[in-house]
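Before any comments, here is the structure.
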Amino acid sequence: MNGFDPTPLGERTEAMIESLASISAEPDRLVRLYLTPEHKQAADLVAEWMRRVGLAVRMDAAATIHGLLPAGKDGPRSSRRLLVGSHIDTVIDAGKYDGPLGVIAGIIAVEELRARGIRLPFGLEILAFGDEEGARYPKTLIGSSTVAGALEPTTLELTDARGETVRNALLRFGCDPAAIPAEAYKRADVVGYLEVHIEQGPLLERWDEPLGSVTAIAAQSRHRVRITGEAGHAGTVPMAFRHDALAAAAEFIAMVEEVAGDNLVMTVGEISVSPGAVNVIPGSAVLSLDVRASSDEVRALAVESVRGRSRQIGARRGVVIGVETVHEKPVARCAPRLRGTIGAAIAGLTGRKPPELMSGAGHDGLAMAHLTDIGMIFVRCRAGISHNPLEHVTVADLGYAVEALIRTIVEIAREEDHA
Ligand code: GLV
Ligand code: MN
Ligand code: MN
């Protein structure tokens, strides 16, 4: 592909991915949740890597690690920053590329820019966010929303499964939650936000393309569904007299599958049942519902439809089904100017116009779009598998991804120089 050998950059990236992947709460699978000791260890390692490539490092009030390379040239834009980032938290039993790749790509890009003697007319800041997955708290994107000035204050009072609030976990981590509002960046100080991320879907592999440029990140919402029925004796209450919360939950899940459709996916990924005994009719159930759609209208209509059909299920079964919204983000469109620059950078590597694709997965860019223009580079992953330990990216594709990021940064600098 156009004479560029991706292997050396890819091998460096892979070695760093492996180092981060060894930091886990569990010996046999990768689990690294926000504000846990494992997050701390990963943040320390990332901070160390950032220092090693010459970045000025700090941790902010939401536990995001920032590494800043000041502008290499004086000029009207030298106080502005181009932001490059992704996340270092994981889902439970995660793959090792989802998140860390974007952070590591940024760090290696800095190292390469310096080694190649390239001086930028703006600062370059690498961000390692701590909460993109939302696997610990009901809300997600806490780090990126803080930088974007879009964190709802009520987020601090949310609790994890053990009842610990975000506020308390931040304090134990060494962060000052009261300082969160002051962390918000100003739009005028930022050039844009770039993120490299694995595709987490099968399209690039199907198209035989290592990289793609993202058009938009899907609208998403998360909901907590509470079903209240009536607990009772499993041996004595006739079937027709029951208000079984778990049976209602089963019908709810099947209904959700029916409402989902083109450009609309919905998932129930968590369920807990109370009291949870073999000889007791379930009295209540709590479920999660995750909704993604290609447009805000489609998503909102789907949630309306789920609510309406829940009322019907509830009325028929004599249970109450409440669908509460705990997280909601509209579609985030990638900026045409950055899509163009990313497309040109990838084309320079592959010799072809790269594919453009939508992201069904959520990313820190969803929050960063509140602040600035966003652009994303997607990287092919094996069989489209992600959120799974089988997640895999070849060394060559890692190398292409990092080089595409470097070339995108260089091109943005060239455009700024001529602006
Ligand atoms: C994060 O990976 C999400 O899309 O939920
Ligand atoms: Mn991710
Ligand atoms: Mn993920």
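Each chain of the structure tokens is named A, B, ... in the order shown, its residues numbered from 1; ligands are numbered from 1 in display order.
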
At a cut-off of 7 Å, can you tabulate as JSON lines every residue of chain A near ligand 2 together with its closest atom pair and the distance in Å to one decimal, using only C-alpha atoms and all ligand atoms and ordering rows by chain then number?
```
{"residue": "A:His87", "atom": "CA", "partner": "ligand 2", "partner_atom_place_in_ligand_line": "1 (Mn)", "distance": 6.5}
{"residue": "A:Asp98", "atom": "CA", "partner": "ligand 2", "partner_atom_place_in_ligand_line": "1 (Mn)", "distance": 4.6}
{"residue": "A:Gly99", "atom": "CA", "partner": "ligand 2", "partner_atom_place_in_ligand_line": "1 (Mn)", "distance": 4.5}
{"residue": "A:Glu132", "atom": "CA", "partner": "ligand 2", "partner_atom_place_in_ligand_line": "1 (Mn)", "distance": 6.3}
{"residue": "A:Glu133", "atom": "CA", "partner": "ligand 2", "partner_atom_place_in_ligand_line": "1 (Mn)", "distance": 6.6}
{"residue": "A:His197", "atom": "CA", "partner": "ligand 2", "partner_atom_place_in_ligand_line": "1 (Mn)", "distance": 6.8}
{"residue": "A:Gly362", "atom": "CA", "partner": "ligand 2", "partner_atom_place_in_ligand_line": "1 (Mn)", "distance": 6.9}
{"residue": "A:His363", "atom": "CA", "partner": "ligand 2", "partner_atom_place_in_ligand_line": "1 (Mn)", "distance": 5.6}
```

Produce a table with one row for each residue of chain A that has an atom at most 12 Å from any atom of ligand 1, each row naming the nearest atom pair and its distance in Å at one decimal; use only C-alpha atoms and all ligand atoms; arrange rows by chain and rising residue number; format as a tab-separated table.
```
residue	atom	partner	partner_atom_place_in_ligand_line	distance
A:Ser86	CA	ligand 1	2 (O)	11.0
A:His87	CA	ligand 1	2 (O)	9.8
A:Ile88	CA	ligand 1	2 (O)	11.5
A:Asp89	CA	ligand 1	2 (O)	10.0
A:Thr90	CA	ligand 1	2 (O)	8.4
A:Val91	CA	ligand 1	2 (O)	7.8
A:Ile92	CA	ligand 1	2 (O)	11.3
A:Ala94	CA	ligand 1	2 (O)	10.2
A:Gly95	CA	ligand 1	2 (O)	11.1
A:Tyr97	CA	ligand 1	2 (O)	11.3
A:Asp98	CA	ligand 1	2 (O)	7.6
A:Gly99	CA	ligand 1	2 (O)	8.6
A:Asp131	CA	ligand 1	1 (C)	9.5
A:Glu132	CA	ligand 1	1 (C)	6.2
A:Glu133	CA	ligand 1	1 (C)	4.6
A:Gly134	CA	ligand 1	5 (O)	7.1
A:Ala135	CA	ligand 1	5 (O)	8.5
A:Arg136	CA	ligand 1	5 (O)	12.0
A:Pro138	CA	ligand 1	5 (O)	11.3
A:Lys139	CA	ligand 1	5 (O)	10.5
A:Thr140	CA	ligand 1	5 (O)	8.3
A:Leu141	CA	ligand 1	1 (C)	9.2
A:His197	CA	ligand 1	2 (O)	10.3
A:Ile198	CA	ligand 1	2 (O)	10.4
A:Glu199	CA	ligand 1	2 (O)	10.5
A:Gln200	CA	ligand 1	2 (O)	8.7
A:Gly201	CA	ligand 1	4 (O)	11.4
A:Ile217	CA	ligand 1	4 (O)	9.4
A:Ala218	CA	ligand 1	4 (O)	9.1
A:Ala219	CA	ligand 1	4 (O)	10.3
A:Gln220	CA	ligand 1	4 (O)	8.4
A:Ser221	CA	ligand 1	5 (O)	9.7
A:Arg222	CA	ligand 1	5 (O)	9.4
A:Val265	CA	ligand 1	4 (O)	11.5
A:Met266	CA	ligand 1	5 (O)	11.4
A:Thr267	CA	ligand 1	5 (O)	10.5
A:Gly269	CA	ligand 1	5 (O)	10.9
A:Leu289	CA	ligand 1	5 (O)	11.4
A:Asp290	CA	ligand 1	5 (O)	8.2
A:Val291	CA	ligand 1	5 (O)	9.7
A:Arg292	CA	ligand 1	4 (O)	8.7
A:Ala293	CA	ligand 1	4 (O)	11.7
A:His327	CA	ligand 1	5 (O)	11.2
A:Glu328	CA	ligand 1	5 (O)	11.9
A:Lys329	CA	ligand 1	4 (O)	11.4
A:Ser359	CA	ligand 1	4 (O)	8.7
A:Gly360	CA	ligand 1	4 (O)	6.9
A:Ala361	CA	ligand 1	4 (O)	3.5
A:Gly362	CA	ligand 1	4 (O)	3.5
A:His363	CA	ligand 1	1 (C)	6.3
A:Asp364	CA	ligand 1	1 (C)	9.0
A:Gly365	CA	ligand 1	4 (O)	11.2
A:Leu366	CA	ligand 1	4 (O)	10.2
A:Ser386	CA	ligand 1	2 (O)	8.8
A:His387	CA	ligand 1	2 (O)	7.5
A:Asn388	CA	ligand 1	2 (O)	11.2
```

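Each of A:Glu125, A:Asp244, A:Glu205, A:Glu391 was compared to ligand 3 using only C-alpha atoms and all ligand atoms, and A:Glu391 turns out to be the nearest.
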
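Residue neighbourhood of Ala404 of chain A, excluding near-sequence residues (fewer than 5 positions): Leu211, Ile342, Ala345, Ile346, Gly348, Leu349, Ile377, Gly399 and Ile409 of chain A, at 9 Å, using only C-alpha atoms.
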
Strand (DSSP E or B) call set, DSSP backbone run, segment 127-256 of chain A, as a PyMOL selection string: chain A and resi 127-129+159+165+190-198+211-217+219-228+230+232-233+243

Could the residues in this selection be saved with N, CA and C atoms as a JSON list (two decimals), in the first residue's frame?
```json
[["chain", "number", "residue", "atom", "x", "y", "z"],
["A", 127, "LEU", "N", -5.88, 12.74, 25.59],
["A", 127, "LEU", "CA", -6.79, 12.55, 26.72],
["A", 127, "LEU", "C", -7.09, 11.07, 26.92],
["A", 128, "ALA", "N", -6.93, 10.62, 28.17],
["A", 128, "ALA", "CA", -7.30, 9.23, 28.50],
["A", 128, "ALA", "C", -8.49, 9.30, 29.45],
["A", 129, "PHE", "N", -9.68, 9.13, 28.90],
["A", 129, "PHE", "CA", -10.89, 9.23, 29.71],
["A", 129, "PHE", "C", -11.09, 7.94, 30.52],
["A", 159, "THR", "N", -25.29, 5.97, 41.97],
["A", 159, "THR", "CA", -24.59, 4.94, 42.74],
["A", 159, "THR", "C", -24.27, 3.72, 41.89],
["A", 165, "THR", "N", -21.43, 6.36, 45.62],
["A", 165, "THR", "CA", -21.73, 7.43, 44.66],
["A", 165, "THR", "C", -20.50, 7.76, 43.82],
["A", 190, "VAL", "N", -10.18, 25.37, 21.42],
["A", 190, "VAL", "CA", -10.01, 24.00, 20.92],
["A", 190, "VAL", "C", -10.09, 23.98, 19.39],
["A", 191, "VAL", "N", -9.18, 23.23, 18.77],
["A", 191, "VAL", "CA", -9.15, 23.13, 17.31],
["A", 191, "VAL", "C", -10.14, 22.05, 16.85],
["A", 192, "GLY", "N", -10.26, 20.99, 17.63],
["A", 192, "GLY", "CA", -11.14, 19.87, 17.25],
["A", 192, "GLY", "C", -10.79, 18.67, 18.12],
["A", 193, "TYR", "N", -11.53, 17.58, 17.92],
["A", 193, "TYR", "CA", -11.28, 16.34, 18.68],
["A", 193, "TYR", "C", -11.19, 15.18, 17.71],
["A", 194, "LEU", "N", -10.12, 14.40, 17.83],
["A", 194, "LEU", "CA", -9.93, 13.22, 16.97],
["A", 194, "LEU", "C", -9.87, 11.97, 17.83],
["A", 195, "GLU", "N", -10.42, 10.89, 17.31],
["A", 195, "GLU", "CA", -10.35, 9.63, 18.04],
["A", 195, "GLU", "C", -10.15, 8.48, 17.06],
["A", 196, "VAL", "N", -9.21, 7.62, 17.41],
["A", 196, "VAL", "CA", -9.01, 6.36, 16.69],
["A", 196, "VAL", "C", -9.68, 5.28, 17.52],
["A", 197, "HIS", "N", -10.49, 4.44, 16.89],
["A", 197, "HIS", "CA", -11.21, 3.41, 17.65],
["A", 197, "HIS", "C", -11.42, 2.21, 16.74],
["A", 198, "ILE", "N", -11.46, 1.03, 17.34],
["A", 198, "ILE", "CA", -11.81, -0.13, 16.49],
["A", 198, "ILE", "C", -13.27, 0.00, 16.06],
["A", 211, "LEU", "N", -9.07, 0.80, 7.24],
["A", 211, "LEU", "CA", -9.53, 1.98, 7.98],
["A", 211, "LEU", "C", -10.75, 2.59, 7.31],
["A", 212, "GLY", "N", -11.52, 3.31, 8.10],
["A", 212, "GLY", "CA", -12.66, 4.06, 7.55],
["A", 212, "GLY", "C", -12.81, 5.36, 8.31],
["A", 213, "SER", "N", -13.59, 6.25, 7.74],
["A", 213, "SER", "CA", -13.85, 7.53, 8.39],
["A", 213, "SER", "C", -15.31, 7.52, 8.85],
["A", 214, "VAL", "N", -15.54, 7.96, 10.07],
["A", 214, "VAL", "CA", -16.88, 7.87, 10.67],
["A", 214, "VAL", "C", -17.70, 9.10, 10.28],
["A", 215, "THR", "N", -18.97, 8.84, 9.91],
["A", 215, "THR", "CA", -19.86, 9.95, 9.54],
["A", 215, "THR", "C", -20.54, 10.53, 10.77],
["A", 216, "ALA", "N", -20.97, 9.65, 11.68],
["A", 216, "ALA", "CA", -21.72, 10.11, 12.86],
["A", 216, "ALA", "C", -21.74, 8.99, 13.89],
["A", 217, "ILE", "N", -21.98, 9.37, 15.12],
["A", 217, "ILE", "CA", -22.16, 8.38, 16.20],
["A", 217, "ILE", "C", -23.65, 8.34, 16.53],
["A", 219, "ALA", "N", -27.45, 8.02, 17.91],
["A", 219, "ALA", "CA", -28.17, 8.50, 19.10],
["A", 219, "ALA", "C", -28.30, 7.32, 20.06],
["A", 220, "GLN", "N", -28.18, 7.59, 21.35],
["A", 220, "GLN", "CA", -28.32, 6.49, 22.29],
["A", 220, "GLN", "C", -29.01, 6.94, 23.57],
["A", 221, "SER", "N", -29.71, 6.01, 24.17],
["A", 221, "SER", "CA", -30.22, 6.28, 25.51],
["A", 221, "SER", "C", -30.17, 4.99, 26.31],
["A", 222, "ARG", "N", -30.09, 5.17, 27.61],
["A", 222, "ARG", "CA", -30.12, 4.03, 28.53],
["A", 222, "ARG", "C", -31.26, 4.24, 29.51],
["A", 223, "HIS", "N", -31.91, 3.16, 29.86],
["A", 223, "HIS", "CA", -33.09, 3.25, 30.72],
["A", 223, "HIS", "C", -33.03, 2.21, 31.82],
["A", 224, "ARG", "N", -33.64, 2.58, 32.95],
["A", 224, "ARG", "CA", -33.81, 1.58, 34.00],
["A", 224, "ARG", "C", -35.29, 1.23, 34.03],
["A", 225, "VAL", "N", -35.57, -0.06, 33.91],
["A", 225, "VAL", "CA", -36.95, -0.52, 33.83],
["A", 225, "VAL", "C", -37.26, -1.25, 35.14],
["A", 226, "ARG", "N", -38.25, -0.73, 35.86],
["A", 226, "ARG", "CA", -38.63, -1.36, 37.14],
["A", 226, "ARG", "C", -39.99, -2.00, 36.97],
["A", 227, "ILE", "N", -40.08, -3.28, 37.27],
["A", 227, "ILE", "CA", -41.35, -4.00, 37.16],
["A", 227, "ILE", "C", -41.77, -4.41, 38.57],
["A", 228, "THR", "N", -42.94, -3.95, 38.96],
["A", 228, "THR", "CA", -43.41, -4.27, 40.31],
["A", 228, "THR", "C", -44.66, -5.13, 40.21],
["A", 230, "GLU", "N", -46.19, -8.92, 42.40],
["A", 230, "GLU", "CA", -46.51, -9.31, 43.78],
["A", 230, "GLU", "C", -45.83, -10.65, 44.07],
["A", 232, "GLY", "N", -45.17, -14.15, 45.92],
["A", 232, "GLY", "CA", -46.16, -15.08, 46.47],
["A", 232, "GLY", "C", -45.59, -16.49, 46.53],
["A", 233, "HIS", "N", -46.39, -17.39, 47.05],
["A", 233, "HIS", "CA", -45.95, -18.77, 47.23],
["A", 233, "HIS", "C", -45.99, -19.51, 45.89],
["A", 243, "HIS", "N", -49.05, -12.14, 39.74],
["A", 243, "HIS", "CA", -48.53, -10.89, 39.18],
["A", 243, "HIS", "C", -47.00, -11.03, 39.18]]
```

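Atom pair atom CA of Gly314 of chain A / atom CA of Ala247 of chain A has a distance of 10.9 Å (rounded to one decimal).
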
Where does DSSP see helix (DSSP H, G or I) in segment 96-229 of chain A, if you list the residues as an MDAnalysis selection string? chainID A and resid 100:115 142:148 153:157 166:173 177:179 181:183 187:189 203:207

If you keep C-alpha atoms, can you produce a file of those selected residues as a PDB file, in the first residue's frame?
```pdb
ATOM      1  CA  PRO A 100      -6.768   1.919  24.778  1.00  0.00           C
ATOM      2  CA  LEU A 101      -6.038   1.974  21.036  1.00  0.00           C
ATOM      3  CA  GLY A 102      -7.170   5.595  20.751  1.00  0.00           C
ATOM      4  CA  VAL A 103      -5.105   6.735  23.728  1.00  0.00           C
ATOM      5  CA  ILE A 104      -1.994   4.832  22.669  1.00  0.00           C
ATOM      6  CA  ALA A 105      -2.323   6.024  19.059  1.00  0.00           C
ATOM      7  CA  GLY A 106      -2.270   9.588  20.392  1.00  0.00           C
ATOM      8  CA  ILE A 107       0.826   9.006  22.517  1.00  0.00           C
ATOM      9  CA  ILE A 108       2.714   7.351  19.658  1.00  0.00           C
ATOM     10  CA  ALA A 109       1.610  10.139  17.313  1.00  0.00           C
ATOM     11  CA  VAL A 110       3.249  12.668  19.658  1.00  0.00           C
ATOM     12  CA  GLU A 111       6.426  10.602  19.794  1.00  0.00           C
ATOM     13  CA  GLU A 112       6.518  10.348  15.990  1.00  0.00           C
ATOM     14  CA  LEU A 113       5.762  14.020  15.370  1.00  0.00           C
ATOM     15  CA  ARG A 114       8.665  14.921  17.614  1.00  0.00           C
ATOM     16  CA  ALA A 115      10.963  12.314  16.053  1.00  0.00           C
ATOM     17  CA  ILE A 142     -18.344  11.166  32.632  1.00  0.00           C
ATOM     18  CA  GLY A 143     -14.751  12.139  31.735  1.00  0.00           C
ATOM     19  CA  SER A 144     -15.450  13.488  28.257  1.00  0.00           C
ATOM     20  CA  SER A 145     -18.632  15.262  29.404  1.00  0.00           C
ATOM     21  CA  THR A 146     -16.542  17.042  32.036  1.00  0.00           C
ATOM     22  CA  VAL A 147     -14.045  18.329  29.465  1.00  0.00           C
ATOM     23  CA  ALA A 148     -16.930  19.286  27.172  1.00  0.00           C
ATOM     24  CA  PRO A 153     -24.421  17.764  38.251  1.00  0.00           C
ATOM     25  CA  THR A 154     -26.841  15.007  39.345  1.00  0.00           C
ATOM     26  CA  THR A 155     -24.392  12.476  37.880  1.00  0.00           C
ATOM     27  CA  LEU A 156     -22.288  12.818  41.036  1.00  0.00           C
ATOM     28  CA  GLU A 157     -25.068  11.316  43.147  1.00  0.00           C
ATOM     29  CA  VAL A 166     -19.666   8.861  41.831  1.00  0.00           C
ATOM     30  CA  ARG A 167     -18.809  11.723  44.189  1.00  0.00           C
ATOM     31  CA  ASN A 168     -17.408   9.418  46.850  1.00  0.00           C
ATOM     32  CA  ALA A 169     -15.518   7.265  44.352  1.00  0.00           C
ATOM     33  CA  LEU A 170     -13.931  10.404  42.857  1.00  0.00           C
ATOM     34  CA  LEU A 171     -12.811  11.558  46.306  1.00  0.00           C
ATOM     35  CA  ARG A 172     -11.297   8.162  47.065  1.00  0.00           C
ATOM     36  CA  PHE A 173      -9.521   8.275  43.682  1.00  0.00           C
ATOM     37  CA  PRO A 177     -15.669  16.665  42.384  1.00  0.00           C
ATOM     38  CA  ALA A 178     -16.302  20.320  43.290  1.00  0.00           C
ATOM     39  CA  ALA A 179     -13.710  21.287  40.674  1.00  0.00           C
ATOM     40  CA  PRO A 181     -17.346  22.673  36.438  1.00  0.00           C
ATOM     41  CA  ALA A 182     -14.008  24.490  36.169  1.00  0.00           C
ATOM     42  CA  GLU A 183     -12.590  21.687  33.974  1.00  0.00           C
ATOM     43  CA  ARG A 187     -14.840  26.198  22.391  1.00  0.00           C
ATOM     44  CA  ALA A 188     -12.541  29.010  21.226  1.00  0.00           C
ATOM     45  CA  ASP A 189      -9.517  27.275  22.770  1.00  0.00           C
ATOM     46  CA  LEU A 203     -18.091  -3.714   7.658  1.00  0.00           C
ATOM     47  CA  LEU A 204     -14.431  -2.789   7.158  1.00  0.00           C
ATOM     48  CA  GLU A 205     -13.464  -6.455   7.116  1.00  0.00           C
ATOM     49  CA  ARG A 206     -16.236  -7.196   4.634  1.00  0.00           C
ATOM     50  CA  TRP A 207     -15.026  -4.338   2.427  1.00  0.00           C
TER      51      TRP A 207
END
```

Exercise: segment 39-44 of chain A partners within 7 Å, only C-alpha atoms, chain neighbours under 3 positions left out, as a tab-separated table (two decimals) with all heavy atoms, in the first residue's frame:
```tsv
chain	number	residue	atom	x	y	z
A	20	LEU	N	-1.31	-2.49	28.80
A	20	LEU	CA	-2.54	-2.01	29.46
A	20	LEU	C	-3.49	-3.17	29.74
A	20	LEU	O	-4.16	-3.21	30.77
A	20	LEU	CB	-3.25	-0.99	28.58
A	20	LEU	CG	-3.05	0.49	28.91
A	20	LEU	CD1	-3.92	1.36	28.02
A	20	LEU	CD2	-3.37	0.79	30.37
A	23	ILE	N	-3.60	-5.06	33.06
A	23	ILE	CA	-4.11	-4.41	34.28
A	23	ILE	C	-5.61	-4.67	34.37
A	23	ILE	O	-6.40	-4.10	33.62
A	23	ILE	CB	-3.84	-2.89	34.26
A	23	ILE	CG1	-2.33	-2.63	34.11
A	23	ILE	CG2	-4.39	-2.24	35.51
A	23	ILE	CD1	-1.97	-1.18	33.92
A	32	ARG	N	-11.93	-3.49	33.90
A	32	ARG	CA	-11.31	-2.27	34.44
A	32	ARG	C	-12.37	-1.18	34.47
A	32	ARG	O	-12.61	-0.51	33.47
A	32	ARG	CB	-10.12	-1.88	33.56
A	32	ARG	CG	-9.06	-1.11	34.30
A	32	ARG	CD	-7.75	-1.03	33.54
A	32	ARG	NE	-7.91	-0.56	32.21
A	32	ARG	CZ	-7.42	-1.16	31.12
A	32	ARG	NH1	-6.72	-2.28	31.24
A	32	ARG	NH2	-7.61	-0.67	29.93
A	33	LEU	N	-13.01	-1.05	35.61
A	33	LEU	CA	-14.12	-0.11	35.72
A	33	LEU	C	-13.61	1.25	36.23
A	33	LEU	O	-12.55	1.35	36.86
A	33	LEU	CB	-15.20	-0.66	36.66
A	33	LEU	CG	-15.78	-2.03	36.29
A	33	LEU	CD1	-16.96	-2.37	37.20
A	33	LEU	CD2	-16.21	-2.11	34.84
A	34	TYR	N	-14.42	2.25	35.98
A	34	TYR	CA	-14.12	3.64	36.33
A	34	TYR	C	-13.85	3.77	37.84
A	34	TYR	O	-14.61	3.26	38.66
A	34	TYR	CB	-15.33	4.49	35.94
A	34	TYR	CG	-15.23	5.98	36.11
A	34	TYR	CD1	-14.09	6.69	35.75
A	34	TYR	CD2	-16.33	6.70	36.59
A	34	TYR	CE1	-14.04	8.07	35.88
A	34	TYR	CE2	-16.29	8.08	36.72
A	34	TYR	CZ	-15.13	8.76	36.36
A	34	TYR	OH	-15.08	10.13	36.48
A	35	LEU	N	-12.79	4.48	38.18
A	35	LEU	CA	-12.46	4.85	39.57
A	35	LEU	C	-12.20	3.66	40.48
A	35	LEU	O	-12.51	3.70	41.68
A	35	LEU	CB	-13.58	5.74	40.16
A	35	LEU	CG	-13.89	7.03	39.37
A	35	LEU	CD1	-15.04	7.80	40.01
A	35	LEU	CD2	-12.65	7.91	39.26
A	36	THR	N	-11.67	2.62	39.92
A	36	THR	CA	-11.27	1.44	40.70
A	36	THR	C	-9.74	1.43	40.80
A	36	THR	O	-9.06	2.17	40.10
A	36	THR	CB	-11.72	0.15	39.99
A	36	THR	OG1	-11.16	0.17	38.66
A	36	THR	CG2	-13.24	0.07	39.89
A	47	ALA	N	0.01	7.87	32.20
A	47	ALA	CA	0.68	9.14	32.56
A	47	ALA	C	2.20	8.99	32.38
A	47	ALA	O	2.87	9.89	31.87
A	47	ALA	CB	0.35	9.51	34.00
A	48	GLU	N	2.72	7.82	32.75
A	48	GLU	CA	4.15	7.55	32.61
A	48	GLU	C	4.56	7.56	31.12
A	48	GLU	O	5.56	8.17	30.74
A	48	GLU	CB	4.45	6.19	33.28
A	48	GLU	CG	5.81	5.59	33.06
A	48	GLU	CD	6.92	6.49	33.57
A	48	GLU	OE1	6.65	7.28	34.49
A	48	GLU	OE2	8.03	6.42	33.00
A	65	ILE	N	-6.80	11.64	32.33
A	65	ILE	CA	-5.39	12.01	32.25
A	65	ILE	C	-5.19	12.86	30.99
A	65	ILE	O	-5.60	12.46	29.90
A	65	ILE	CB	-4.48	10.75	32.19
A	65	ILE	CG1	-4.76	9.82	33.38
A	65	ILE	CG2	-3.01	11.15	32.14
A	65	ILE	CD1	-4.47	10.41	34.74
A	89	ASP	N	-11.22	2.73	30.45
A	89	ASP	CA	-12.07	1.78	31.18
A	89	ASP	C	-12.53	0.70	30.20
A	89	ASP	O	-12.39	0.86	28.97
A	89	ASP	CB	-13.28	2.48	31.81
A	89	ASP	CG	-14.25	3.05	30.79
A	89	ASP	OD1	-13.78	3.59	29.75
A	89	ASP	OD2	-15.47	2.94	30.98
```

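Here the question is which of A:Ala63, A:Leu371, A:Val31, A:Ile412 gets nearest to ligand 3 using only C-alpha atoms and all ligand atoms, and that residue is A:Val31.
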